[in-house]
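Okay, work.csv is below, CSV, C-alpha atoms:
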```
chain,number,residue,atom,x,y,z
A,855,MET,CA,0.0,0.0,0.0
A,856,GLU,CA,3.0,2.3,0.6
A,857,ARG,CA,3.9,2.0,-3.1
A,858,TYR,CA,0.5,3.4,-4.1
A,859,HIS,CA,-0.1,5.8,-1.3
A,860,ARG,CA,-0.2,9.0,-3.3
A,861,GLN,CA,-2.8,7.7,-5.8
A,862,ILE,CA,-4.8,6.0,-3.0
A,863,LEU,CA,-5.2,9.6,-1.6
A,864,VAL,CA,-7.1,10.3,-4.9
A,865,LEU,CA,-8.7,6.9,-5.8
A,866,GLY,CA,-9.2,5.4,-2.3
A,867,GLU,CA,-8.3,1.9,-1.2
A,868,GLU,CA,-11.2,0.4,-3.1
A,869,GLY,CA,-10.0,2.1,-6.3
A,870,GLN,CA,-6.5,0.6,-5.8
A,871,ARG,CA,-8.0,-2.9,-5.1
A,872,ARG,CA,-9.9,-2.6,-8.4
A,873,ILE,CA,-6.7,-1.7,-10.2
A,874,ARG,CA,-4.9,-4.6,-8.6
A,875,ASN,CA,-7.7,-7.0,-9.7
A,876,SER,CA,-7.7,-5.8,-13.3
A,877,SER,CA,-5.8,-7.0,-16.3
A,878,VAL,CA,-4.7,-5.2,-19.5
A,879,LEU,CA,-3.6,-6.3,-23.0
A,880,ILE,CA,-1.3,-4.0,-24.8
A,881,VAL,CA,-1.1,-4.7,-28.5
A,882,GLY,CA,2.2,-3.2,-29.7
A,883,VAL,CA,5.1,-2.2,-27.4
A,884,GLY,CA,6.5,0.7,-29.4
A,885,GLY,CA,6.1,4.4,-28.6
A,886,LEU,CA,2.6,4.2,-27.4
A,887,GLY,CA,3.0,0.9,-25.7
A,888,SER,CA,6.2,1.9,-23.9
A,889,ALA,CA,4.6,4.9,-22.3
A,890,SER,CA,1.2,3.3,-21.4
A,891,SER,CA,2.8,0.1,-20.1
A,892,LEU,CA,5.2,2.0,-17.7
A,893,TYR,CA,2.3,3.8,-16.1
A,894,LEU,CA,-0.1,0.9,-16.0
A,895,VAL,CA,2.5,-1.2,-14.3
A,896,SER,CA,3.5,1.6,-11.9
A,897,SER,CA,-0.2,2.1,-11.1
A,898,GLY,CA,-0.4,-1.5,-10.0
A,899,PHE,CA,-2.6,-3.3,-12.5
A,900,GLY,CA,-2.6,-7.0,-11.6
A,901,LYS,CA,-1.6,-8.4,-15.0
A,902,VAL,CA,-0.3,-6.9,-18.2
A,903,ILE,CA,0.0,-8.9,-21.4
A,904,LEU,CA,2.4,-7.5,-24.0
A,905,VAL,CA,2.1,-8.5,-27.7
A,906,ASP,CA,4.7,-7.5,-30.3
A,907,ASN,CA,6.9,-9.6,-32.7
A,908,GLY,CA,9.4,-6.9,-33.3
A,909,ARG,CA,13.0,-6.4,-32.3
A,910,VAL,CA,14.6,-3.2,-31.0
A,911,GLU,CA,16.0,-1.0,-33.7
A,912,LEU,CA,18.1,2.1,-33.5
A,913,SER,CA,15.4,4.2,-35.1
A,914,ASN,CA,13.0,3.1,-32.3
A,915,LEU,CA,15.0,4.9,-29.6
A,916,ASN,CA,13.8,8.4,-30.0
A,917,ARG,CA,10.4,7.5,-28.6
A,918,GLN,CA,10.3,3.9,-27.4
A,919,ILE,CA,11.4,4.7,-23.9
A,920,LEU,CA,11.5,1.1,-22.5
A,921,TYR,CA,14.6,0.3,-24.6
A,922,THR,CA,18.3,1.4,-24.6
A,923,THR,CA,21.1,1.2,-27.1
A,924,GLU,CA,22.3,-2.0,-25.6
A,925,ASP,CA,18.9,-3.6,-26.5
A,926,ILE,CA,19.2,-3.2,-30.2
A,927,GLY,CA,18.4,-6.6,-31.9
A,928,ARG,CA,16.7,-8.0,-28.8
A,929,PRO,CA,12.9,-8.9,-28.9
A,930,LYS,CA,10.9,-6.0,-27.6
A,931,VAL,CA,8.4,-7.9,-25.5
A,932,TYR,CA,11.2,-9.7,-23.5
A,933,VAL,CA,13.1,-6.5,-22.9
A,934,ALA,CA,9.9,-4.7,-22.0
A,935,ALA,CA,8.9,-7.5,-19.5
A,936,GLU,CA,12.3,-7.2,-17.8
A,937,ARG,CA,12.1,-3.5,-17.4
A,938,LEU,CA,8.5,-3.5,-16.3
A,939,SER,CA,9.1,-6.3,-13.8
A,940,SER,CA,12.0,-4.3,-12.4
A,941,LEU,CA,9.8,-1.3,-12.0
A,942,ASN,CA,7.0,-3.2,-10.2
A,943,PRO,CA,7.6,-6.9,-9.3
A,944,GLU,CA,4.1,-7.1,-7.9
A,945,VAL,CA,2.6,-7.0,-11.4
A,946,GLU,CA,2.4,-10.2,-13.5
A,947,ILE,CA,3.9,-9.4,-17.0
A,948,GLU,CA,3.2,-11.9,-19.8
A,949,PRO,CA,5.3,-11.3,-23.0
A,950,VAL,CA,3.9,-12.7,-26.2
A,951,MET,CA,6.3,-12.5,-29.1
A,952,GLU,CA,3.9,-13.2,-32.0
A,953,GLU,CA,2.3,-11.4,-34.8
A,954,ALA,CA,-1.1,-9.9,-33.8
A,955,SER,CA,-3.2,-12.4,-35.8
A,956,GLU,CA,-6.9,-12.8,-35.4
A,957,ASP,CA,-6.6,-16.1,-33.6
A,958,LEU,CA,-4.1,-14.7,-31.1
A,959,ILE,CA,-6.1,-11.5,-30.5
A,960,ARG,CA,-9.3,-13.5,-29.9
A,961,GLU,CA,-7.5,-15.8,-27.5
A,962,LEU,CA,-5.9,-12.9,-25.5
A,963,VAL,CA,-8.8,-10.5,-25.4
A,964,LYS,CA,-10.9,-13.1,-23.6
A,965,LYS,CA,-8.3,-13.1,-20.8
A,966,VAL,CA,-8.3,-9.4,-19.9
A,967,ASP,CA,-10.5,-6.6,-18.8
A,968,ILE,CA,-9.1,-3.8,-21.0
A,969,VAL,CA,-7.2,-3.6,-24.3
A,970,VAL,CA,-4.8,-0.8,-25.1
A,971,ASP,CA,-3.9,0.2,-28.7
A,972,GLY,CA,-0.1,0.4,-29.1
A,973,LEU,CA,-0.3,-0.2,-32.9
A,974,ASP,CA,1.1,1.7,-35.9
A,975,ASN,CA,-1.2,0.2,-38.6
A,976,TRP,CA,-4.9,0.5,-39.2
A,977,GLU,CA,-5.6,-3.1,-40.4
A,978,THR,CA,-4.7,-4.5,-37.0
A,979,ARG,CA,-6.4,-1.7,-35.2
A,980,PHE,CA,-9.6,-2.6,-37.0
A,981,LEU,CA,-9.2,-6.2,-36.1
A,982,VAL,CA,-8.7,-5.5,-32.4
A,983,ASN,CA,-11.6,-3.1,-32.4
A,984,ARG,CA,-13.9,-5.8,-34.0
A,985,VAL,CA,-12.8,-8.5,-31.5
A,986,CYS,CA,-13.2,-6.1,-28.5
A,987,VAL,CA,-16.7,-5.2,-29.6
A,988,GLU,CA,-17.6,-8.9,-30.1
A,989,LYS,CA,-16.2,-9.8,-26.6
A,990,GLY,CA,-17.6,-6.7,-24.9
A,991,LYS,CA,-14.2,-5.5,-23.8
A,992,PRO,CA,-13.1,-1.8,-23.6
A,993,PHE,CA,-10.6,-0.8,-26.2
A,994,ILE,CA,-8.5,2.4,-25.7
A,995,HIS,CA,-7.5,3.7,-29.1
A,996,ALA,CA,-4.7,6.1,-29.8
A,997,GLY,CA,-2.8,7.1,-32.9
A,998,VAL,CA,0.1,9.5,-33.5
A,999,ARG,CA,1.8,11.4,-36.3
A,1000,GLY,CA,4.3,14.2,-36.2
A,1001,MET,CA,3.3,16.4,-33.2
A,1002,TYR,CA,-0.4,15.3,-33.4
A,1003,GLY,CA,-2.3,12.5,-31.7
A,1004,GLN,CA,-5.8,11.3,-31.1
A,1005,LEU,CA,-7.5,9.3,-28.4
A,1006,LEU,CA,-10.9,7.5,-28.2
A,1007,THR,CA,-12.1,5.1,-25.5
A,1008,ILE,CA,-14.4,2.5,-26.9
A,1009,VAL,CA,-16.8,0.7,-24.6
A,1010,PRO,CA,-19.0,-1.7,-26.5
A,1011,GLY,CA,-22.7,-0.8,-26.0
A,1012,LYS,CA,-22.0,2.6,-24.5
A,1013,GLY,CA,-20.5,4.5,-27.4
A,1014,PRO,CA,-19.1,4.4,-30.9
A,1015,CYS,CA,-16.4,2.0,-32.0
A,1016,LEU,CA,-13.3,2.8,-34.0
A,1017,GLN,CA,-15.1,1.9,-37.3
A,1018,CYS,CA,-17.9,4.5,-36.5
A,1019,LEU,CA,-15.1,7.1,-36.4
A,1020,ILE,CA,-13.2,5.8,-39.4
A,1021,PRO,CA,-15.5,3.6,-41.6
A,1022,LYS,CA,-12.6,2.4,-43.9
A,1023,PRO,CA,-9.0,1.9,-43.0
A,1024,PRO,CA,-6.8,4.9,-44.0
A,1025,LYS,CA,-3.9,4.4,-46.4
A,1026,GLU,CA,-1.0,3.0,-44.4
A,1027,GLU,CA,2.1,5.2,-44.1
A,1028,THR,CA,5.6,3.7,-43.5
A,1029,PRO,CA,7.5,5.0,-41.8
A,1030,ILE,CA,5.2,7.2,-39.8
A,1031,PRO,CA,6.9,10.5,-39.0
A,1032,VAL,CA,6.7,11.3,-35.3
A,1033,VAL,CA,8.3,13.5,-32.7
A,1034,SER,CA,9.6,11.7,-29.7
A,1035,THR,CA,7.2,13.2,-27.1
A,1036,THR,CA,3.9,12.6,-29.1
A,1037,PRO,CA,3.4,8.9,-28.3
A,1038,GLY,CA,4.4,9.7,-24.7
A,1039,VAL,CA,1.6,12.2,-24.3
A,1040,LEU,CA,-1.0,9.8,-25.9
A,1041,GLY,CA,0.3,6.7,-24.0
A,1042,LEU,CA,-0.1,8.5,-20.7
A,1043,LEU,CA,-3.6,9.5,-21.6
A,1044,GLN,CA,-4.4,5.8,-22.5
A,1045,ALA,CA,-3.1,4.7,-19.0
A,1046,THR,CA,-5.3,7.4,-17.4
A,1047,GLU,CA,-8.3,6.2,-19.3
A,1048,ALA,CA,-7.7,2.6,-18.1
A,1049,ILE,CA,-7.5,3.8,-14.5
A,1050,LYS,CA,-10.8,5.6,-14.8
A,1051,LEU,CA,-12.5,2.7,-16.5
A,1052,VAL,CA,-11.6,0.2,-13.7
A,1053,THR,CA,-12.1,2.5,-10.7
A,1054,GLY,CA,-15.1,4.5,-11.9
A,1055,TYR,CA,-13.3,7.7,-11.1
A,1056,GLY,CA,-13.8,10.6,-13.5
A,1057,GLU,CA,-15.3,10.5,-17.0
A,1058,PRO,CA,-13.6,8.4,-19.7
A,1059,SER,CA,-13.5,9.7,-23.3
A,1060,ILE,CA,-16.4,7.6,-24.6
A,1061,GLY,CA,-17.9,9.2,-27.7
A,1062,ARG,CA,-15.3,12.0,-27.4
A,1063,LEU,CA,-12.3,12.0,-29.8
A,1064,ILE,CA,-9.5,13.9,-28.1
A,1065,ILE,CA,-7.1,15.6,-30.4
A,1066,TYR,CA,-3.7,16.6,-29.2
A,1067,ASP,CA,-1.8,19.3,-31.1
A,1068,GLY,CA,1.8,19.5,-29.9
A,1069,VAL,CA,2.6,22.4,-32.3
A,1070,THR,CA,0.3,24.7,-30.3
A,1071,THR,CA,0.3,22.7,-27.1
A,1072,SER,CA,-3.5,22.3,-27.1
A,1073,PHE,CA,-6.3,19.8,-26.9
A,1074,ARG,CA,-9.7,19.8,-28.5
A,1075,GLU,CA,-12.6,17.5,-28.4
A,1076,ILE,CA,-14.8,16.2,-31.2
A,1077,LYS,CA,-18.1,14.4,-30.3
A,1078,VAL,CA,-18.4,11.0,-32.1
A,1079,SER,CA,-21.8,9.2,-32.5
A,1080,ARG,CA,-22.4,5.6,-33.2
A,1081,MET,CA,-22.9,4.9,-36.9
A,1082,LYS,CA,-26.4,3.6,-37.5
A,1083,ASN,CA,-25.2,0.9,-39.9
A,1084,CYS,CA,-21.8,0.3,-38.5
A,1085,PRO,CA,-20.7,-3.3,-39.6
A,1086,VAL,CA,-19.0,-3.8,-36.2
A,1087,CYS,CA,-21.1,-2.3,-33.4
A,1088,SER,CA,-24.6,-1.4,-34.8
A,1089,LYS,CA,-26.2,-4.7,-33.5
A,1090,ARG,CA,-24.9,-4.4,-29.9
```

Encoded form (structure tokens):
Amino acid sequence: MERYHRQILVLGEEGQRRIRNSSVLIVGVGGLGSASSLYLVSSGFGKVILVDNGRVELSNLNRQILYTTEDIGRPKVYVAAERLSSLNPEVEIEPVMEEASEDLIRELVKKVDIVVDGLDNWETRFLVNRVCVEKGKPFIHAGVRGMYGQLLTIVPGKGPCLQCLIPKPPKEETPIPVVSTTPGVLGLLQATEAIKLVTGYGEPSIGRLIIYDGVTTSFREIKVSRMKNCPVCSKR
């Protein structure tokens, strides 16, 4: 309890118990996943599953803060698991070094309470969104480019899903240009949303797309409604 004393002053002991009894799946442990995982683990979530089949590259190191120069060439999920376990050994970390296939996502989503978007491609985001809606699991989406980012918390049956916001996958961009701090800002917002969802504290960004503009250091909000004929969530 001493580890979490400062946030217990805000969330209460019951809120901390809810965090401890909750599990999170982070799909992608790059810029977004590095930041969100650090704060989810430091906050005391009981179990965190990490999915990524990549290895650390030099070009990752401007933004993927879990890794160091000495980690280049090593599998991201194993390095991430080591660092996160060192930060908080009370949290169970499960690294999964596999491609985020539909079968794998279906298997893992069933095991957790919340899913966090650490991805950099829309095809897999749409897959995770669809599975989360089918399984009734919250999905905290974030995306980044340059000094801009967006956030939407998707809770099936309570608000729009990702496909309501973006009916068709955008054209993929490789590599995505990004300033180091942008995924950090959005990853911390994702962790904050997860804390709010499990504790009931505050108001999650359900139906509210949060836009971050690092150029002007500002945020704005766009209301998003469920799409009447959404192929993913319209029947829930």

Near-Val864 of chain A list (12 Å; only C-alpha atoms; drop same-chain fewer than 3 positions) as an mmCIF file with C-alpha atoms, in the frame of the given file:
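Result file follows (out.cif):
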```cif
data_model
loop_
_atom_site.group_PDB
_atom_site.id
_atom_site.type_symbol
_atom_site.label_atom_id
_atom_site.label_comp_id
_atom_site.auth_asym_id
_atom_site.auth_seq_id
_atom_site.Cartn_x
_atom_site.Cartn_y
_atom_site.Cartn_z
ATOM 1 C CA TYR A 858 0.500 3.400 -4.100
ATOM 2 C CA HIS A 859 -0.100 5.800 -1.300
ATOM 3 C CA ARG A 860 -0.200 9.000 -3.300
ATOM 4 C CA GLN A 861 -2.800 7.700 -5.800
ATOM 5 C CA GLU A 867 -8.300 1.900 -1.200
ATOM 6 C CA GLU A 868 -11.200 0.400 -3.100
ATOM 7 C CA GLY A 869 -10.000 2.100 -6.300
ATOM 8 C CA GLN A 870 -6.500 0.600 -5.800
ATOM 9 C CA ILE A 1049 -7.500 3.800 -14.500
ATOM 10 C CA LYS A 1050 -10.800 5.600 -14.800
ATOM 11 C CA THR A 1053 -12.100 2.500 -10.700
ATOM 12 C CA TYR A 1055 -13.300 7.700 -11.100
ATOM 13 C CA GLY A 1056 -13.800 10.600 -13.500
#
```

Original post:
Counting all atoms listed in the file, which of A:Pro1037, A:Gly1003, A:Gly972, A:Gly898 gets nearest to Glu856 of chain A?
Top reply: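 Looking only at the distances to Glu856 of chain A, the closest residue turns out to be A:Gly898.
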
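Note that the spacing between atom CA of Arg1062 of chain A and atom CA of Gly882 of chain A amounts to 23.3 Å.
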
Original post:
Pick the closest to Lys1025 of chain A from A:Asn975, A:Gln1004, A:Ser939, A:Ser876: which is it, counting all atoms listed in the file?
Top reply: A:Asn975

**OP:** Determine, counting all atoms listed in the file, which protein, DNA and RNA residues have an atom within 6 Å of an atom of Ile947 of chain A; residues of the same chain fewer than 2 positions away are not included. Present the result as an MDAnalysis selection string.
**Re:** chainID A and resid 901:903 935

Show which residues sit within 9 Å of Arg984 of chain A, as an mmCIF file with C-alpha atoms, in the frame of the given file. Count only C-alpha atoms, and ignore same-chain residues fewer than 5 positions away.
```cif
data_model
loop_
_atom_site.group_PDB
_atom_site.id
_atom_site.type_symbol
_atom_site.label_atom_id
_atom_site.label_comp_id
_atom_site.auth_asym_id
_atom_site.auth_seq_id
_atom_site.Cartn_x
_atom_site.Cartn_y
_atom_site.Cartn_z
ATOM 1 C CA ARG A 979 -6.400 -1.700 -35.200
ATOM 2 C CA LYS A 989 -16.200 -9.800 -26.600
ATOM 3 C CA CYS A 1015 -16.400 2.000 -32.000
ATOM 4 C CA LEU A 1016 -13.300 2.800 -34.000
ATOM 5 C CA GLN A 1017 -15.100 1.900 -37.300
ATOM 6 C CA VAL A 1086 -19.000 -3.800 -36.200
ATOM 7 C CA CYS A 1087 -21.100 -2.300 -33.400
#
```
